[in-house]
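Quick look at structure_15.cif (mmCIF, C-alpha atoms):
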```
data_entry
#
loop_
_atom_site.group_PDB
_atom_site.id
_atom_site.type_symbol
_atom_site.label_atom_id
_atom_site.label_comp_id
_atom_site.auth_asym_id
_atom_site.auth_seq_id
_atom_site.Cartn_x
_atom_site.Cartn_y
_atom_site.Cartn_z
ATOM 1 C CA MET A 23 83.364 128.109 150.535
ATOM 2 C CA ASP A 24 84.470 127.829 154.156
ATOM 3 C CA GLY A 25 88.009 126.589 154.671
ATOM 4 C CA VAL A 26 88.925 126.735 150.980
ATOM 5 C CA SER A 27 91.548 129.158 149.757
ATOM 6 C CA ILE A 28 91.268 130.395 146.174
ATOM 7 C CA LEU A 29 94.376 131.935 144.648
ATOM 8 C CA HIS A 30 93.780 135.592 143.818
ATOM 9 C CA SER A 31 96.094 137.232 141.293
ATOM 10 C CA ASP A 32 96.945 140.910 141.553
ATOM 11 C CA GLU A 33 99.803 141.272 139.079
ATOM 12 C CA ASP A 34 100.260 144.371 136.928
ATOM 13 C CA TYR A 35 100.051 142.200 133.788
ATOM 14 C CA ASP A 36 96.859 140.230 134.584
ATOM 15 C CA TRP A 37 94.765 139.906 131.441
ATOM 16 C CA LEU A 38 91.432 140.773 133.117
ATOM 17 C CA GLY A 39 92.719 142.745 136.098
ATOM 18 C CA PRO A 40 92.819 141.470 139.681
ATOM 19 C CA GLY A 41 90.869 138.300 140.485
ATOM 20 C CA ALA A 42 90.895 134.523 140.719
ATOM 21 C CA TYR A 43 91.346 133.168 137.200
ATOM 22 C CA PHE A 44 89.462 130.279 135.601
ATOM 23 C CA TRP A 45 89.408 128.881 132.061
ATOM 24 C CA GLU A 46 85.851 128.432 130.851
ATOM 25 C CA SER A 47 85.151 124.850 129.721
ATOM 26 C CA ASP A 48 88.790 124.024 128.946
ATOM 27 C CA PRO A 49 90.648 121.967 131.561
ATOM 28 C CA VAL A 50 93.233 120.982 128.917
ATOM 29 C CA ARG A 51 94.270 124.628 128.407
ATOM 30 C CA ALA A 52 94.234 125.180 132.180
ATOM 31 C CA LEU A 53 96.561 122.201 132.638
ATOM 32 C CA GLU A 54 98.900 123.471 129.906
ATOM 33 C CA TRP A 55 99.144 126.778 131.740
ATOM 34 C CA ALA A 56 99.747 125.065 135.095
ATOM 35 C CA GLN A 57 102.470 122.883 133.538
ATOM 36 C CA TRP A 58 104.105 126.008 132.088
ATOM 37 C CA LYS A 59 104.066 127.574 135.581
ATOM 38 C CA VAL A 60 105.732 124.434 136.990
ATOM 39 C CA SER A 61 108.412 124.636 134.272
ATOM 40 C CA ARG A 62 109.143 128.213 135.405
ATOM 41 C CA GLY A 63 109.431 127.150 139.063
ATOM 42 C CA ALA A 64 106.230 128.863 140.225
ATOM 43 C CA TYR A 65 104.577 125.640 141.428
ATOM 44 C CA ALA A 66 105.784 122.175 142.428
ATOM 45 C CA GLN A 67 103.030 120.252 140.630
ATOM 46 C CA ALA A 68 100.477 121.029 137.938
ATOM 47 C CA SER A 69 96.817 120.269 138.529
ATOM 48 C CA VAL A 70 93.420 121.636 137.571
ATOM 49 C CA VAL A 71 90.483 122.576 139.777
ATOM 50 C CA GLY A 72 87.050 123.099 138.282
ATOM 51 C CA ALA A 73 84.591 125.608 139.665
ATOM 52 C CA ILE A 74 80.894 126.308 139.541
ATOM 53 C CA ILE A 75 80.724 130.067 139.083
ATOM 54 C CA ASP A 76 77.724 132.385 139.215
ATOM 55 C CA LEU A 77 78.916 135.315 137.065
ATOM 56 C CA ARG A 78 76.433 137.692 138.759
ATOM 57 C CA ASN A 79 77.270 141.260 137.710
ATOM 58 C CA CYS A 80 79.742 140.352 134.973
ATOM 59 C CA LEU A 81 81.765 142.643 132.751
ATOM 60 C CA ASP A 82 81.451 140.356 129.729
ATOM 61 C CA LEU A 83 83.938 141.371 127.059
ATOM 62 C CA VAL A 84 82.211 139.345 124.372
ATOM 63 C CA THR A 85 79.290 141.816 124.370
ATOM 64 C CA ARG A 86 79.303 145.178 122.608
ATOM 65 C CA ASP A 87 77.901 147.117 125.574
ATOM 66 C CA ASP A 88 80.562 145.852 127.973
ATOM 67 C CA LEU A 89 83.330 146.391 125.431
ATOM 68 C CA GLU A 90 82.174 150.016 125.261
ATOM 69 C CA ILE A 91 82.403 150.306 129.062
ATOM 70 C CA PHE A 92 85.985 149.033 128.876
ATOM 71 C CA ARG A 93 86.833 151.447 126.039
ATOM 72 C CA SER A 94 85.419 154.336 128.083
ATOM 73 C CA ALA A 95 87.579 153.300 131.026
ATOM 74 C CA HIS A 96 90.572 153.413 128.668
ATOM 75 C CA ASP A 97 89.657 156.966 127.650
ATOM 76 C CA SER A 98 89.481 157.972 131.320
ATOM 77 C CA PHE A 99 92.765 156.237 132.134
ATOM 78 C CA SER A 100 94.495 157.816 129.127
ATOM 79 C CA GLN A 101 93.325 161.272 130.189
ATOM 80 C CA LEU A 102 94.456 160.632 133.774
ATOM 81 C CA GLN A 103 97.933 159.544 132.622
ATOM 82 C CA ALA A 104 98.262 162.572 130.306
ATOM 83 C CA THR A 105 97.192 164.989 133.066
ATOM 84 C CA ALA A 106 99.763 163.464 135.424
ATOM 85 C CA GLY A 107 102.443 163.521 132.711
ATOM 86 C CA LEU A 108 102.851 159.750 132.944
ATOM 87 C CA PRO A 109 103.417 157.360 130.058
ATOM 88 C CA MET A 110 100.793 154.817 129.096
ATOM 89 C CA PRO A 111 101.663 151.252 130.048
ATOM 90 C CA GLU A 112 102.019 148.857 127.117
ATOM 91 C CA ASN A 113 101.064 145.243 126.597
ATOM 92 C CA LYS A 114 104.252 143.289 125.884
ATOM 93 C CA ASN A 115 105.446 139.991 124.561
ATOM 94 C CA ALA A 116 107.055 137.745 127.184
ATOM 95 C CA GLY A 117 110.541 137.930 125.710
ATOM 96 C CA LYS A 118 111.490 134.696 123.983
ATOM 97 C CA SER A 119 107.892 133.517 123.775
ATOM 98 C CA GLU A 120 106.962 131.523 120.653
ATOM 99 C CA ASN A 121 103.831 133.602 120.622
ATOM 100 C CA GLU A 122 103.652 137.266 119.602
ATOM 101 C CA ASP A 123 100.419 137.809 121.524
ATOM 102 C CA ARG A 124 101.733 140.317 124.088
ATOM 103 C CA VAL A 125 100.821 138.094 127.009
ATOM 104 C CA LEU A 126 102.009 140.661 129.557
ATOM 105 C CA ARG A 127 98.891 142.830 129.598
ATOM 106 C CA TYR A 128 100.116 145.900 131.504
ATOM 107 C CA LEU A 129 97.876 148.360 129.643
ATOM 108 C CA ASP A 130 94.761 146.191 129.808
ATOM 109 C CA CYS A 131 95.279 145.535 133.524
ATOM 110 C CA ALA A 132 95.761 149.246 134.255
ATOM 111 C CA VAL A 133 92.498 150.024 132.429
ATOM 112 C CA PHE A 134 90.642 147.328 134.414
ATOM 113 C CA ARG A 135 92.018 148.802 137.646
ATOM 114 C CA ARG A 136 90.864 152.274 136.556
ATOM 115 C CA LEU A 137 87.402 150.940 135.682
ATOM 116 C CA HIS A 138 86.976 149.258 139.074
ATOM 117 C CA GLN A 139 88.274 152.399 140.817
ATOM 118 C CA MET A 140 85.728 154.549 138.937
ATOM 119 C CA ILE A 141 82.906 152.206 139.960
ATOM 120 C CA ASP A 142 84.047 152.184 143.592
ATOM 121 C CA ARG A 143 84.024 156.006 143.621
ATOM 122 C CA ARG A 144 80.530 156.113 142.091
ATOM 123 C CA LYS A 145 79.344 153.607 144.694
ATOM 124 C CA GLU A 146 80.503 155.965 147.481
ATOM 125 C CA LYS A 147 78.057 158.581 146.140
ATOM 126 C CA ASP A 148 75.350 156.150 145.055
ATOM 127 C CA PRO A 149 75.101 152.888 147.051
ATOM 128 C CA SER A 150 72.907 151.357 144.338
ATOM 129 C CA VAL A 151 75.929 151.153 142.003
ATOM 130 C CA GLU A 152 77.151 147.562 141.853
ATOM 131 C CA PRO A 153 80.804 146.702 141.259
ATOM 132 C CA PHE A 154 81.583 143.921 138.823
ATOM 133 C CA ASP A 155 81.729 140.514 140.499
ATOM 134 C CA THR A 156 83.436 138.850 137.536
ATOM 135 C CA VAL A 157 85.139 139.753 134.280
ATOM 136 C CA ARG A 158 84.928 137.418 131.282
ATOM 137 C CA GLY A 159 87.001 137.714 128.130
ATOM 138 C CA MET A 160 87.883 135.819 124.954
ATOM 139 C CA PHE A 161 91.545 135.582 124.021
ATOM 140 C CA VAL A 162 93.054 134.613 120.682
ATOM 141 C CA GLU A 163 96.426 133.059 121.413
ATOM 142 C CA GLY A 164 99.028 130.576 120.254
ATOM 143 C CA GLY A 165 99.328 130.919 116.495
ATOM 144 C CA PRO A 166 97.071 129.534 113.759
ATOM 145 C CA ILE A 167 95.850 125.945 114.225
ATOM 146 C CA PHE A 168 97.000 125.306 110.615
ATOM 147 C CA PRO A 169 98.583 127.562 107.950
ATOM 148 C CA GLY A 170 96.197 130.275 106.804
ATOM 149 C CA SER A 171 93.617 129.602 109.539
ATOM 150 C CA GLY A 172 91.920 132.351 111.492
ATOM 151 C CA ILE A 173 91.451 129.922 114.404
ATOM 152 C CA TYR A 174 94.284 129.910 116.945
ATOM 153 C CA ARG A 175 95.487 126.869 118.881
ATOM 154 C CA LYS A 176 95.390 128.363 122.394
ATOM 155 C CA SER A 177 92.295 130.564 122.072
ATOM 156 C CA HIS A 178 90.226 130.478 125.218
ATOM 157 C CA VAL A 179 87.704 132.203 127.425
ATOM 158 C CA GLN A 180 88.871 133.260 130.871
ATOM 159 C CA ILE A 181 86.928 134.467 133.862
ATOM 160 C CA ALA A 182 88.427 136.601 136.620
ATOM 161 C CA VAL A 183 86.362 136.261 139.790
ATOM 162 C CA ARG A 184 86.551 139.406 141.920
ATOM 163 C CA ASN A 185 83.831 138.423 144.395
ATOM 164 C CA PHE A 186 84.544 134.976 145.843
ATOM 165 C CA ASP A 187 80.855 134.564 146.769
ATOM 166 C CA CYS A 188 80.411 133.845 143.043
ATOM 167 C CA VAL A 189 82.299 130.547 143.429
ATOM 168 C CA LYS A 190 79.581 128.078 144.374
ATOM 169 C CA GLY A 191 81.686 124.945 144.363
ATOM 170 C CA LEU A 192 85.035 123.426 143.442
ATOM 171 C CA PHE A 193 85.769 120.000 141.979
ATOM 172 C CA TYR A 194 88.482 118.030 140.221
ATOM 173 C CA PRO A 195 87.712 117.581 136.513
ATOM 174 C CA LEU A 196 88.142 113.999 135.393
ATOM 175 C CA GLU A 197 89.969 112.725 132.340
ATOM 176 C CA ASP A 198 89.382 109.044 131.647
ATOM 177 C CA GLY A 199 88.182 108.603 135.243
ATOM 178 C CA ARG A 200 91.361 110.136 136.733
ATOM 179 C CA ARG A 201 92.025 113.514 138.292
ATOM 180 C CA PHE A 202 93.299 116.061 135.788
ATOM 181 C CA VAL A 203 96.874 116.217 137.090
ATOM 182 C CA GLY A 204 100.003 116.622 134.995
#
```

Translate this file's structure into structure tokens.
Amino acid sequence: MDGVSILHSDEDYDWLGPGAYFWESDPVRALEWAQWKVSRGAYAQASVVGAIIDLRNCLDLVTRDDLEIFRSAHDSFSQLQATAGLPMPENKNAGKSENEDRVLRYLDCAVFRRLHQMIDRRKEKDPSVEPFDTVRGMFVEGGPIFPGSGIYRKSHVQIAVRNFDCVKGLFYPLEDGRRFVG
């Protein structure tokens, strides 16, 4: 990916920890998010870029085994915070958000950071240990699609790419033959 810059997020509230974020198979949701960022003054214009991603060594949070890895990292992080006499971070709602989903994921992000730190330390002792290249998670968000539904209007799958070698190509998704730009 010579000459191409991919935006890497490293905020304390990132849903899947540090990485470059992509919506899986949902350019409409990606555009909604970009338009929201424009409305908050973060960007001048909303647009969507598609990517061909090789997940490689993926922490896939839609599988039981990987969910257990994440839970174990939480146990380790919780013990670390208690030993240091520090409070646990909390996931929080974004203030006046219409959505009670706690979109500021401080706790989750801290646990992801702890997990990656634990893996990096194991790799120092055992070079065969492989860090996670990507993290993939399903998020229920946005309120029910209709009254009484268990399906939510902004549910989506996101991928955080930690190893940029996993991005094999970028492209502009098309909508009715036009670039997906808001």

Go through the shown structure with the PyMOL selection byres ((chain A and resi 162-167) around 7) and write out the matching residues as a list in words. Asn121, Asp123, Met160, Phe161, Phe168, Pro169, Ser171, Gly172, Ile173, Tyr174, Arg175, Lys176, Ser177 and His178 of chain A

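When atom CA of Ala73 of chain A is paired with atom CA of Gln180 of chain A, their separation reads 12.4 Å.
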
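Shortest separation to Ile74 of chain A among A:Asp32, A:Trp55, A:Phe44, A:Phe99 occurs at residue A:Phe44, atoms counted being all atoms listed in the file.
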
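Of the listed residues (A:Phe193, A:Val179, A:Ser98, A:Gly41), A:Val179 comes nearest to Val84 of chain A; the distances count all atoms listed in the file.
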
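Taking atom CA of Ser31 of chain A and atom CA of Cys131 of chain A as the two end points, the separation is 11.4 Å.
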
Repair of segment 92-125 of chain A at the level of N, CA and C atoms, as a tab-separated table (two decimals), in the frame of the given file:
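File result25.tsv, as written:
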```
chain	number	residue	atom	x	y	z
A	92	PHE	N	84.54	149.19	128.75
A	92	PHE	CA	85.98	149.03	128.88
A	92	PHE	C	86.71	150.11	128.07
A	93	ARG	N	86.22	150.39	126.85
A	93	ARG	CA	86.83	151.45	126.04
A	93	ARG	C	86.73	152.80	126.74
A	94	SER	N	85.59	153.07	127.36
A	94	SER	CA	85.42	154.34	128.08
A	94	SER	C	86.39	154.44	129.27
A	95	ALA	N	86.61	153.31	129.92
A	95	ALA	CA	87.58	153.30	131.03
A	95	ALA	C	88.98	153.60	130.49
A	96	HIS	N	89.28	153.11	129.28
A	96	HIS	CA	90.57	153.41	128.67
A	96	HIS	C	90.69	154.91	128.41
A	97	ASP	N	89.63	155.53	127.90
A	97	ASP	CA	89.66	156.97	127.65
A	97	ASP	C	89.94	157.72	128.94
A	98	SER	N	89.28	157.33	130.03
A	98	SER	CA	89.48	157.97	131.32
A	98	SER	C	90.91	157.77	131.82
A	99	PHE	N	91.41	156.54	131.68
A	99	PHE	CA	92.76	156.24	132.13
A	99	PHE	C	93.79	157.02	131.32
A	100	SER	N	93.59	157.09	130.01
A	100	SER	CA	94.50	157.82	129.13
A	100	SER	C	94.55	159.30	129.51
A	101	GLN	N	93.39	159.86	129.78
A	101	GLN	CA	93.32	161.27	130.19
A	101	GLN	C	94.02	161.48	131.53
A	102	LEU	N	93.83	160.56	132.46
A	102	LEU	CA	94.46	160.63	133.77
A	102	LEU	C	95.99	160.58	133.64
A	103	GLN	N	96.49	159.67	132.82
A	103	GLN	CA	97.93	159.54	132.62
A	103	GLN	C	98.50	160.82	131.99
A	104	ALA	N	97.79	161.36	130.99
A	104	ALA	CA	98.26	162.57	130.31
A	104	ALA	C	98.30	163.75	131.28
A	105	THR	N	97.26	163.90	132.09
A	105	THR	CA	97.19	164.99	133.07
A	105	THR	C	98.34	164.89	134.06
A	106	ALA	N	98.68	163.68	134.46
A	106	ALA	CA	99.76	163.46	135.42
A	106	ALA	C	101.14	163.46	134.77
A	107	GLY	N	101.17	163.55	133.43
A	107	GLY	CA	102.44	163.52	132.71
A	107	GLY	C	103.12	162.17	132.75
A	108	LEU	N	102.31	161.11	132.86
A	108	LEU	CA	102.85	159.75	132.94
A	108	LEU	C	102.65	159.01	131.62
A	109	PRO	N	103.58	158.13	131.29
A	109	PRO	CA	103.42	157.36	130.06
A	109	PRO	C	102.33	156.30	130.21
A	110	MET	N	101.76	155.91	129.09
A	110	MET	CA	100.79	154.82	129.10
A	110	MET	C	101.54	153.50	129.19
A	111	PRO	N	101.06	152.59	130.05
A	111	PRO	CA	101.66	151.25	130.05
A	111	PRO	C	101.40	150.59	128.70
A	112	GLU	N	102.18	149.57	128.38
A	112	GLU	CA	102.02	148.86	127.12
A	112	GLU	C	101.91	147.36	127.37
A	113	ASN	N	101.08	146.70	126.59
A	113	ASN	CA	101.06	145.24	126.60
A	113	ASN	C	102.33	144.78	125.89
A	114	LYS	N	102.97	143.72	126.43
A	114	LYS	CA	104.25	143.29	125.88
A	114	LYS	C	104.31	141.79	125.69
A	115	ASN	N	105.15	141.40	124.76
A	115	ASN	CA	105.45	139.99	124.56
A	115	ASN	C	106.35	139.54	125.71
A	116	ALA	N	106.28	138.28	126.06
A	116	ALA	CA	107.06	137.74	127.18
A	116	ALA	C	108.44	137.32	126.74
A	117	GLY	N	109.16	138.20	126.08
A	117	GLY	CA	110.54	137.93	125.71
A	117	GLY	C	110.68	136.91	124.62
A	118	LYS	N	111.20	135.74	124.97
A	118	LYS	CA	111.49	134.70	123.98
A	118	LYS	C	110.28	133.82	123.71
A	119	SER	N	109.11	134.30	123.99
A	119	SER	CA	107.89	133.52	123.78
A	119	SER	C	107.73	133.17	122.30
A	120	GLU	N	107.24	131.96	122.02
A	120	GLU	CA	106.96	131.52	120.65
A	120	GLU	C	105.78	132.29	120.08
A	121	ASN	N	105.11	133.00	120.93
A	121	ASN	CA	103.83	133.60	120.62
A	121	ASN	C	103.98	135.12	120.67
A	122	GLU	N	103.54	135.81	119.66
A	122	GLU	CA	103.65	137.27	119.60
A	122	GLU	C	102.40	137.95	120.13
A	123	ASP	N	101.73	137.33	121.08
A	123	ASP	CA	100.42	137.81	121.52
A	123	ASP	C	100.46	138.91	122.57
A	124	ARG	N	101.63	139.32	123.02
A	124	ARG	CA	101.73	140.32	124.09
A	124	ARG	C	101.01	139.82	125.34
A	125	VAL	N	101.49	138.75	125.88
A	125	VAL	CA	100.82	138.09	127.01
A	125	VAL	C	100.99	138.85	128.32
```
